[in-house]
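Asks: One file: target.txt (compact mmCIF, N, CA and C atoms).
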# COMPACT_ATOMS: atom_id res chain seq x y z
N GLU Q 1 94.76 124.72 69.67
CA GLU Q 1 95.98 124.11 70.17
C GLU Q 1 95.84 122.59 70.22
N LEU Q 2 94.67 122.13 70.67
CA LEU Q 2 94.44 120.69 70.74
C LEU Q 2 94.50 120.06 69.35
N ALA Q 3 93.93 120.74 68.36
CA ALA Q 3 93.96 120.22 67.00
C ALA Q 3 95.39 120.11 66.49
N LYS Q 4 96.18 121.16 66.71
CA LYS Q 4 97.58 121.13 66.28
C LYS Q 4 98.34 120.02 66.98
N GLN Q 5 98.07 119.85 68.29
CA GLN Q 5 98.76 118.81 69.06
C GLN Q 5 98.38 117.43 68.54
N LYS Q 6 97.11 117.21 68.20
CA LYS Q 6 96.68 115.91 67.68
C LYS Q 6 97.37 115.60 66.36
N LEU Q 7 97.49 116.61 65.50
CA LEU Q 7 98.04 116.38 64.17
C LEU Q 7 99.56 116.36 64.13
N THR Q 8 100.20 117.11 65.01
CA THR Q 8 101.65 117.24 64.92
C THR Q 8 102.41 116.61 66.08
N GLY Q 9 101.73 116.34 67.18
CA GLY Q 9 102.39 115.81 68.35
C GLY Q 9 103.14 116.87 69.14
N LYS Q 10 102.99 118.16 68.75
CA LYS Q 10 103.68 119.25 69.43
C LYS Q 10 102.66 120.08 70.20
N SER Q 11 103.08 120.64 71.33
CA SER Q 11 102.15 121.44 72.13
C SER Q 11 102.44 122.93 72.05
N MET Q 12 103.55 123.33 71.44
CA MET Q 12 103.85 124.76 71.37
C MET Q 12 103.11 125.41 70.20
N PRO Q 13 102.74 126.69 70.34
CA PRO Q 13 102.03 127.37 69.26
C PRO Q 13 102.92 127.50 68.02
N ILE Q 14 102.36 127.21 66.88
CA ILE Q 14 103.08 127.34 65.62
C ILE Q 14 102.13 127.91 64.57
N SER Q 15 102.67 128.56 63.55
CA SER Q 15 101.83 129.15 62.53
C SER Q 15 101.65 128.24 61.32
N SER Q 16 102.51 127.28 61.16
CA SER Q 16 102.35 126.28 60.11
C SER Q 16 102.81 124.95 60.68
N PHE Q 17 102.34 123.88 60.09
CA PHE Q 17 102.71 122.58 60.63
C PHE Q 17 102.75 121.54 59.53
N ILE Q 18 103.47 120.49 59.81
CA ILE Q 18 103.55 119.33 58.92
C ILE Q 18 102.77 118.21 59.57
N VAL Q 19 101.89 117.60 58.81
CA VAL Q 19 101.07 116.52 59.34
C VAL Q 19 101.90 115.25 59.43
N ASP Q 20 101.88 114.64 60.59
CA ASP Q 20 102.53 113.34 60.78
C ASP Q 20 101.65 112.29 60.13
N ALA Q 21 102.15 111.65 59.08
CA ALA Q 21 101.35 110.71 58.28
C ALA Q 21 100.81 109.55 59.12
N GLU Q 22 101.61 109.03 60.05
CA GLU Q 22 101.16 107.91 60.88
C GLU Q 22 100.06 108.33 61.85
N LYS Q 23 100.25 109.48 62.50
CA LYS Q 23 99.22 109.97 63.43
C LYS Q 23 97.94 110.29 62.68
N CYS Q 24 98.08 110.88 61.49
CA CYS Q 24 96.90 111.22 60.70
C CYS Q 24 96.18 109.95 60.25
N ALA Q 25 96.91 108.93 59.85
CA ALA Q 25 96.29 107.66 59.45
C ALA Q 25 95.53 107.04 60.62
N ASP Q 26 96.12 107.10 61.82
CA ASP Q 26 95.44 106.59 63.02
C ASP Q 26 94.17 107.38 63.31
N LEU Q 27 94.26 108.71 63.19
CA LEU Q 27 93.07 109.55 63.40
C LEU Q 27 91.98 109.23 62.39
N LYS Q 28 92.36 109.09 61.13
CA LYS Q 28 91.38 108.75 60.08
C LYS Q 28 90.66 107.46 60.44
N GLN Q 29 91.42 106.46 60.82
CA GLN Q 29 90.84 105.16 61.15
C GLN Q 29 89.89 105.26 62.35
N SER Q 30 90.30 106.00 63.38
CA SER Q 30 89.49 106.07 64.60
C SER Q 30 88.26 106.97 64.45
N LEU Q 31 88.28 107.89 63.49
CA LEU Q 31 87.19 108.85 63.36
C LEU Q 31 86.25 108.60 62.19
N LYS Q 32 86.51 107.61 61.36
CA LYS Q 32 85.76 107.50 60.11
C LYS Q 32 84.33 106.97 60.22
N ARG Q 33 83.94 106.40 61.33
CA ARG Q 33 82.57 105.92 61.56
C ARG Q 33 81.98 105.25 60.31
N ASP Q 34 80.91 105.84 59.74
CA ASP Q 34 80.22 105.23 58.60
C ASP Q 34 80.79 105.67 57.25
N SER Q 35 81.87 106.41 57.26
CA SER Q 35 82.47 106.88 56.02
C SER Q 35 83.49 105.85 55.53
N SER Q 36 83.46 105.54 54.24
CA SER Q 36 84.41 104.56 53.71
C SER Q 36 85.79 105.18 53.49
N PHE Q 37 85.86 106.52 53.43
CA PHE Q 37 87.12 107.20 53.13
C PHE Q 37 87.17 108.54 53.84
N LEU Q 38 88.29 108.88 54.44
CA LEU Q 38 88.57 110.21 54.95
C LEU Q 38 89.91 110.65 54.40
N SER Q 39 89.97 111.89 53.93
CA SER Q 39 91.24 112.42 53.44
C SER Q 39 91.97 113.15 54.56
N THR Q 40 93.24 113.42 54.32
CA THR Q 40 94.00 114.22 55.26
C THR Q 40 93.37 115.60 55.39
N ASN Q 41 92.86 116.14 54.29
CA ASN Q 41 92.19 117.43 54.31
C ASN Q 41 90.96 117.40 55.21
N ASP Q 42 90.19 116.32 55.18
CA ASP Q 42 89.00 116.19 56.04
C ASP Q 42 89.41 116.31 57.51
N VAL Q 43 90.48 115.63 57.89
CA VAL Q 43 90.95 115.65 59.27
C VAL Q 43 91.48 117.04 59.63
N ALA Q 44 92.25 117.65 58.73
CA ALA Q 44 92.82 118.97 59.01
C ALA Q 44 91.73 120.04 59.13
N VAL Q 45 90.73 120.00 58.25
CA VAL Q 45 89.63 120.98 58.32
C VAL Q 45 88.86 120.83 59.62
N ALA Q 46 88.53 119.59 59.99
CA ALA Q 46 87.79 119.35 61.23
C ALA Q 46 88.60 119.81 62.44
N ALA Q 47 89.91 119.60 62.41
CA ALA Q 47 90.76 120.02 63.52
C ALA Q 47 90.84 121.55 63.60
N MET Q 48 91.01 122.21 62.47
CA MET Q 48 91.08 123.67 62.48
C MET Q 48 89.74 124.29 62.87
N ALA Q 49 88.64 123.66 62.46
CA ALA Q 49 87.31 124.16 62.82
C ALA Q 49 87.09 124.13 64.33
N GLU Q 50 87.80 123.22 65.02
CA GLU Q 50 87.71 123.15 66.49
C GLU Q 50 88.31 124.38 67.16
N VAL Q 51 89.34 124.95 66.55
CA VAL Q 51 90.10 126.00 67.23
C VAL Q 51 89.83 127.40 66.69
N LEU Q 52 89.21 127.52 65.53
CA LEU Q 52 88.92 128.84 64.97
C LEU Q 52 87.64 129.40 65.58
N PRO Q 53 87.55 130.73 65.69
CA PRO Q 53 86.31 131.33 66.22
C PRO Q 53 85.17 131.16 65.23
N GLY Q 54 83.95 131.05 65.75
CA GLY Q 54 82.77 130.88 64.91
C GLY Q 54 82.43 129.41 64.77
N ARG Q 55 81.14 129.11 64.75
CA ARG Q 55 80.75 127.70 64.71
C ARG Q 55 80.57 127.15 63.30
N THR Q 56 80.40 128.01 62.30
CA THR Q 56 80.20 127.53 60.93
C THR Q 56 81.47 127.71 60.12
N THR Q 57 81.83 126.68 59.39
CA THR Q 57 83.01 126.71 58.52
C THR Q 57 82.56 126.91 57.08
N MET Q 58 83.20 127.86 56.41
CA MET Q 58 83.03 128.01 54.97
C MET Q 58 84.31 127.46 54.34
N MET Q 59 84.15 126.63 53.34
CA MET Q 59 85.29 125.96 52.75
C MET Q 59 85.13 125.94 51.24
N LEU Q 60 86.22 126.10 50.53
CA LEU Q 60 86.18 126.04 49.08
C LEU Q 60 86.23 124.59 48.62
N LYS Q 61 85.40 124.30 47.62
CA LYS Q 61 85.34 122.95 47.05
C LYS Q 61 85.75 123.03 45.58
N ASN Q 62 86.68 122.20 45.20
CA ASN Q 62 87.14 122.13 43.81
C ASN Q 62 86.04 121.50 42.96
N MET Q 63 85.63 122.19 41.90
CA MET Q 63 84.57 121.68 41.04
C MET Q 63 85.10 121.02 39.76
N ARG Q 64 86.42 121.02 39.60
CA ARG Q 64 86.99 120.38 38.42
C ARG Q 64 86.63 118.89 38.43
N LYS Q 65 86.15 118.38 37.33
CA LYS Q 65 85.66 117.01 37.14
C LYS Q 65 84.36 116.73 37.90
N ARG Q 66 83.77 117.74 38.54
CA ARG Q 66 82.53 117.56 39.27
C ARG Q 66 81.37 118.32 38.66
N ALA Q 67 81.67 119.34 37.87
CA ALA Q 67 80.63 120.15 37.23
C ALA Q 67 80.69 119.92 35.72
N PRO Q 68 79.56 119.99 35.04
CA PRO Q 68 79.55 119.78 33.59
C PRO Q 68 80.50 120.75 32.88
N GLY Q 69 81.34 120.20 32.02
CA GLY Q 69 82.28 121.01 31.25
C GLY Q 69 83.57 121.36 31.98
N MET Q 70 83.72 120.97 33.22
CA MET Q 70 84.92 121.27 33.99
C MET Q 70 85.83 120.05 34.01
N ASP Q 71 86.55 119.85 32.93
CA ASP Q 71 87.43 118.69 32.82
C ASP Q 71 88.71 118.91 33.63
N ALA Q 72 89.44 117.84 33.85
CA ALA Q 72 90.66 117.89 34.67
C ALA Q 72 91.74 118.77 34.06
N HIS Q 73 91.76 118.89 32.74
CA HIS Q 73 92.83 119.64 32.08
C HIS Q 73 92.61 121.15 32.05
N LEU Q 74 91.46 121.64 32.45
CA LEU Q 74 91.17 123.07 32.43
C LEU Q 74 91.96 123.81 33.50
N GLY Q 75 92.56 124.90 33.12
CA GLY Q 75 93.24 125.74 34.09
C GLY Q 75 92.26 126.60 34.85
N GLY Q 76 92.70 127.22 35.91
CA GLY Q 76 91.85 128.12 36.68
C GLY Q 76 91.37 127.52 37.98
N ASN Q 77 90.70 128.34 38.76
CA ASN Q 77 90.16 127.92 40.04
C ASN Q 77 88.65 127.73 39.89
N HIS Q 78 88.23 126.54 39.61
CA HIS Q 78 86.82 126.22 39.44
C HIS Q 78 86.30 125.73 40.80
N ILE Q 79 85.71 126.66 41.55
CA ILE Q 79 85.38 126.37 42.94
C ILE Q 79 83.96 126.79 43.27
N THR Q 80 83.48 126.29 44.38
CA THR Q 80 82.23 126.73 44.98
C THR Q 80 82.44 126.72 46.49
N LEU Q 81 81.61 127.45 47.20
CA LEU Q 81 81.68 127.45 48.66
C LEU Q 81 80.76 126.38 49.23
N VAL Q 82 81.23 125.67 50.23
CA VAL Q 82 80.38 124.75 50.98
C VAL Q 82 80.44 125.18 52.44
N TYR Q 83 79.40 124.85 53.18
CA TYR Q 83 79.24 125.32 54.55
C TYR Q 83 78.93 124.15 55.45
N GLY Q 84 79.35 124.23 56.70
CA GLY Q 84 78.99 123.20 57.65
C GLY Q 84 79.53 123.48 59.04
N ARG Q 85 79.12 122.66 59.96
CA ARG Q 85 79.64 122.70 61.33
C ARG Q 85 80.52 121.46 61.48
N PHE Q 86 81.81 121.67 61.32
CA PHE Q 86 82.76 120.57 61.17
C PHE Q 86 83.65 120.34 62.38
N ALA Q 87 83.53 121.12 63.43
CA ALA Q 87 84.46 121.04 64.55
C ALA Q 87 84.60 119.61 65.07
N GLY Q 88 85.79 119.05 64.89
CA GLY Q 88 86.08 117.71 65.38
C GLY Q 88 85.39 116.59 64.64
N ASP Q 89 84.83 116.87 63.45
CA ASP Q 89 84.05 115.86 62.73
C ASP Q 89 84.47 115.76 61.26
N PRO Q 90 85.55 115.04 60.97
CA PRO Q 90 85.99 114.91 59.58
C PRO Q 90 84.99 114.18 58.69
N VAL Q 91 84.12 113.35 59.27
CA VAL Q 91 83.08 112.68 58.47
C VAL Q 91 82.11 113.72 57.91
N ALA Q 92 81.78 114.74 58.70
CA ALA Q 92 80.90 115.81 58.22
C ALA Q 92 81.54 116.57 57.07
N VAL Q 93 82.86 116.77 57.14
CA VAL Q 93 83.58 117.43 56.04
C VAL Q 93 83.46 116.57 54.78
N ARG Q 94 83.75 115.28 54.89
CA ARG Q 94 83.71 114.36 53.75
C ARG Q 94 82.32 114.33 53.13
N LYS Q 95 81.28 114.26 53.95
CA LYS Q 95 79.91 114.22 53.43
C LYS Q 95 79.56 115.50 52.71
N THR Q 96 80.01 116.62 53.22
CA THR Q 96 79.69 117.90 52.60
C THR Q 96 80.38 118.06 51.25
N VAL Q 97 81.65 117.67 51.15
CA VAL Q 97 82.34 117.83 49.86
C VAL Q 97 81.93 116.76 48.86
N SER Q 98 81.26 115.71 49.32
CA SER Q 98 80.87 114.62 48.43
C SER Q 98 79.51 114.81 47.78
N VAL Q 99 78.75 115.80 48.21
CA VAL Q 99 77.42 116.02 47.63
C VAL Q 99 77.36 117.38 46.96
N ASN Q 100 76.45 117.50 46.01
CA ASN Q 100 76.21 118.78 45.36
C ASN Q 100 74.97 119.41 45.94
N THR Q 101 75.11 120.60 46.48
CA THR Q 101 73.97 121.31 47.03
C THR Q 101 74.14 122.81 46.81
N LYS Q 102 73.04 123.48 46.61
CA LYS Q 102 73.08 124.93 46.48
C LYS Q 102 72.48 125.60 47.70
N GLU Q 103 72.03 124.79 48.64
CA GLU Q 103 71.41 125.33 49.85
C GLU Q 103 72.47 125.78 50.84
N ASN Q 104 72.14 126.82 51.59
CA ASN Q 104 73.02 127.29 52.65
C ASN Q 104 72.18 127.52 53.90
N PRO Q 105 72.10 126.52 54.78
CA PRO Q 105 71.30 126.68 55.99
C PRO Q 105 71.99 127.50 57.07
N PHE Q 106 73.15 128.07 56.76
CA PHE Q 106 73.94 128.77 57.77
C PHE Q 106 74.00 130.28 57.52
N LEU Q 107 73.02 130.84 56.83
CA LEU Q 107 73.04 132.27 56.51
C LEU Q 107 73.07 133.15 57.76
N PHE Q 108 72.35 132.75 58.80
CA PHE Q 108 72.35 133.55 60.03
C PHE Q 108 73.74 133.62 60.63
N ASP Q 109 74.46 132.49 60.67
CA ASP Q 109 75.82 132.49 61.19
C ASP Q 109 76.72 133.40 60.37
N ILE Q 110 76.55 133.38 59.06
CA ILE Q 110 77.38 134.22 58.20
C ILE Q 110 77.03 135.69 58.41
N ALA Q 111 75.74 136.01 58.48
CA ALA Q 111 75.31 137.39 58.69
C ALA Q 111 75.77 137.93 60.04
N THR Q 112 75.86 137.08 61.03
CA THR Q 112 76.28 137.51 62.37
C THR Q 112 77.77 137.27 62.63
N ARG Q 113 78.50 136.92 61.59
CA ARG Q 113 79.95 136.68 61.65
C ARG Q 113 80.32 135.56 62.62
N ASN Q 114 79.46 134.58 62.74
CA ASN Q 114 79.73 133.42 63.59
C ASN Q 114 80.29 132.30 62.71
N CYS Q 115 81.34 132.65 61.95
CA CYS Q 115 81.88 131.69 60.98
C CYS Q 115 83.36 131.97 60.73
N HIS Q 116 83.98 131.10 60.00
CA HIS Q 116 85.37 131.24 59.58
C HIS Q 116 85.52 130.56 58.23
N ILE Q 117 86.61 130.88 57.54
CA ILE Q 117 86.89 130.28 56.23
C ILE Q 117 88.17 129.48 56.33
N ILE Q 118 88.14 128.28 55.79
CA ILE Q 118 89.33 127.43 55.74
C ILE Q 118 89.61 127.10 54.28
N THR Q 119 90.84 127.34 53.86
CA THR Q 119 91.25 126.94 52.50
C THR Q 119 92.53 126.13 52.61
N ASN Q 120 92.83 125.42 51.55
CA ASN Q 120 94.08 124.66 51.52
C ASN Q 120 94.79 124.90 50.20
N TRP Q 121 94.76 126.11 49.74
CA TRP Q 121 95.35 126.44 48.45
C TRP Q 121 96.86 126.47 48.45
N CYS Q 122 97.47 126.65 49.57
CA CYS Q 122 98.92 126.78 49.62
C CYS Q 122 99.52 125.60 50.37
N PHE Q 123 100.03 124.65 49.62
CA PHE Q 123 100.69 123.50 50.23
C PHE Q 123 102.12 123.43 49.73
N ASP Q 124 103.03 123.15 50.62
CA ASP Q 124 104.40 122.85 50.24
C ASP Q 124 104.59 121.36 50.43
N ALA Q 125 103.70 120.58 49.84
CA ALA Q 125 103.72 119.14 50.07
C ALA Q 125 103.20 118.39 48.86
N LEU Q 126 103.54 117.13 48.82
CA LEU Q 126 103.02 116.22 47.81
C LEU Q 126 102.24 115.13 48.53
N PHE Q 127 101.12 114.72 47.96
CA PHE Q 127 100.38 113.59 48.52
C PHE Q 127 100.88 112.33 47.82
N GLN Q 128 101.36 111.39 48.59
CA GLN Q 128 101.82 110.13 48.04
C GLN Q 128 101.24 109.00 48.87
N GLY Q 129 100.58 108.06 48.24
CA GLY Q 129 99.99 106.94 48.96
C GLY Q 129 98.93 107.44 49.92
N ALA Q 130 98.97 106.96 51.14
CA ALA Q 130 97.95 107.32 52.13
C ALA Q 130 98.36 108.47 53.03
N GLY Q 131 99.60 108.96 52.91
CA GLY Q 131 100.06 109.98 53.85
C GLY Q 131 100.50 111.25 53.16
N LEU Q 132 100.88 112.21 53.97
CA LEU Q 132 101.36 113.50 53.48
C LEU Q 132 102.86 113.49 53.57
N VAL Q 133 103.52 113.76 52.44
CA VAL Q 133 104.98 113.74 52.39
C VAL Q 133 105.46 115.12 51.98
N THR Q 134 106.37 115.71 52.74
CA THR Q 134 106.89 117.02 52.39
C THR Q 134 108.17 116.89 51.59
N GLU Q 135 108.46 117.92 50.83
CA GLU Q 135 109.70 117.92 50.03
C GLU Q 135 110.84 118.47 50.85
I need this file expressed as structure tokens, please.
Replies:
Amino acid sequence: ELAKQKLTGKSMPISSFIVDAEKCADLKQSLKRDSSFLSTNDVAVAAMAEVLPGRTTMMLKNMRKRAPGMDAHLGGNHITLVYGRFAGDPVAVRKTVSVNTKENPFLFDIATRNCHIITNWCFDALFQGAGLVTE
């Protein structure tokens, strides 16, 4: 609830929400610490990780243009799973998606179901400039 309230300015429970571009920009600025860049997705994942059950987040990472032979024009879902403890920490999200690793130090959490999965495959929005703009 706190994450939704931070991102939307609303306190009532909702199942979907629109990110307020100005509030999100303020959050990015206040939370970025040593990171030169935070995306809206970094902030949204960290916020959702705060409210979902389980301490470890599993998140899909787009591998297009990041893996050999995966050019931007290729169709399909070229993804890998990344893992982390992201609750309230968008910098941790950014660092995790910015590096290539095959290690998973969170196997115990996954085996004991102390985790959740966050994806962002379904958006009814366009990213323009620094904010999120809906159609």
Asks: Grab the atom N of Q:Leu81 to atom CA of Q:Ala21 distance for me, in Å with one decimal place.
Replies: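 So the two atoms, atom N of Q:Leu81 and atom CA of Q:Ala21, lie 28.2 Å apart.
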Asks: Using atom CA of Q:Thr119 and atom CA of Q:Glu50 as the two end points, give the distance in Å to one decimal.
Replies: 14.9 Å
Asks: If DSSP is run on the backbone, what residues of stretch 14-83 of chain Q are strand (DSSP E or B)? A reply as a VMD selection string would be ideal.
Replies: chain Q and resid 56 to 62 79 to 83
Asks: Which stretch 33-96 of chain Q residues have any atom within 6 Å of an atom of stretch 114-118 of chain Q, and for each, what is the nearest pair of atoms with distance in Å to one decimal, counting all atoms listed in the file, rows sorted by chain and number, as a Markdown table?
Replies:
| residue | atom | partner | partner_atom | distance |
| --- | --- | --- | --- | --- |
| Q:Pro53 | C | Q:Cys115 | C | 4.9 |
| Q:Gly54 | CA | Q:Asn114 | C | 3.6 |
| Q:Arg55 | N | Q:Asn114 | C | 3.9 |
| Q:Thr56 | C | Q:Cys115 | CA | 4.1 |
| Q:Thr57 | CA | Q:His116 | C | 4.6 |
| Q:Met58 | N | Q:His116 | C | 4.0 |
| Q:Met59 | CA | Q:Ile118 | C | 4.7 |
| Q:Leu60 | N | Q:Ile118 | C | 5.2 |
Asks: Which distance in Å separates atom N of Q:Arg64 and atom N of Q:Thr80, to one decimal?
Replies: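 Separation between atom N of Q:Arg64 and atom N of Q:Thr80: 7.7 Å.
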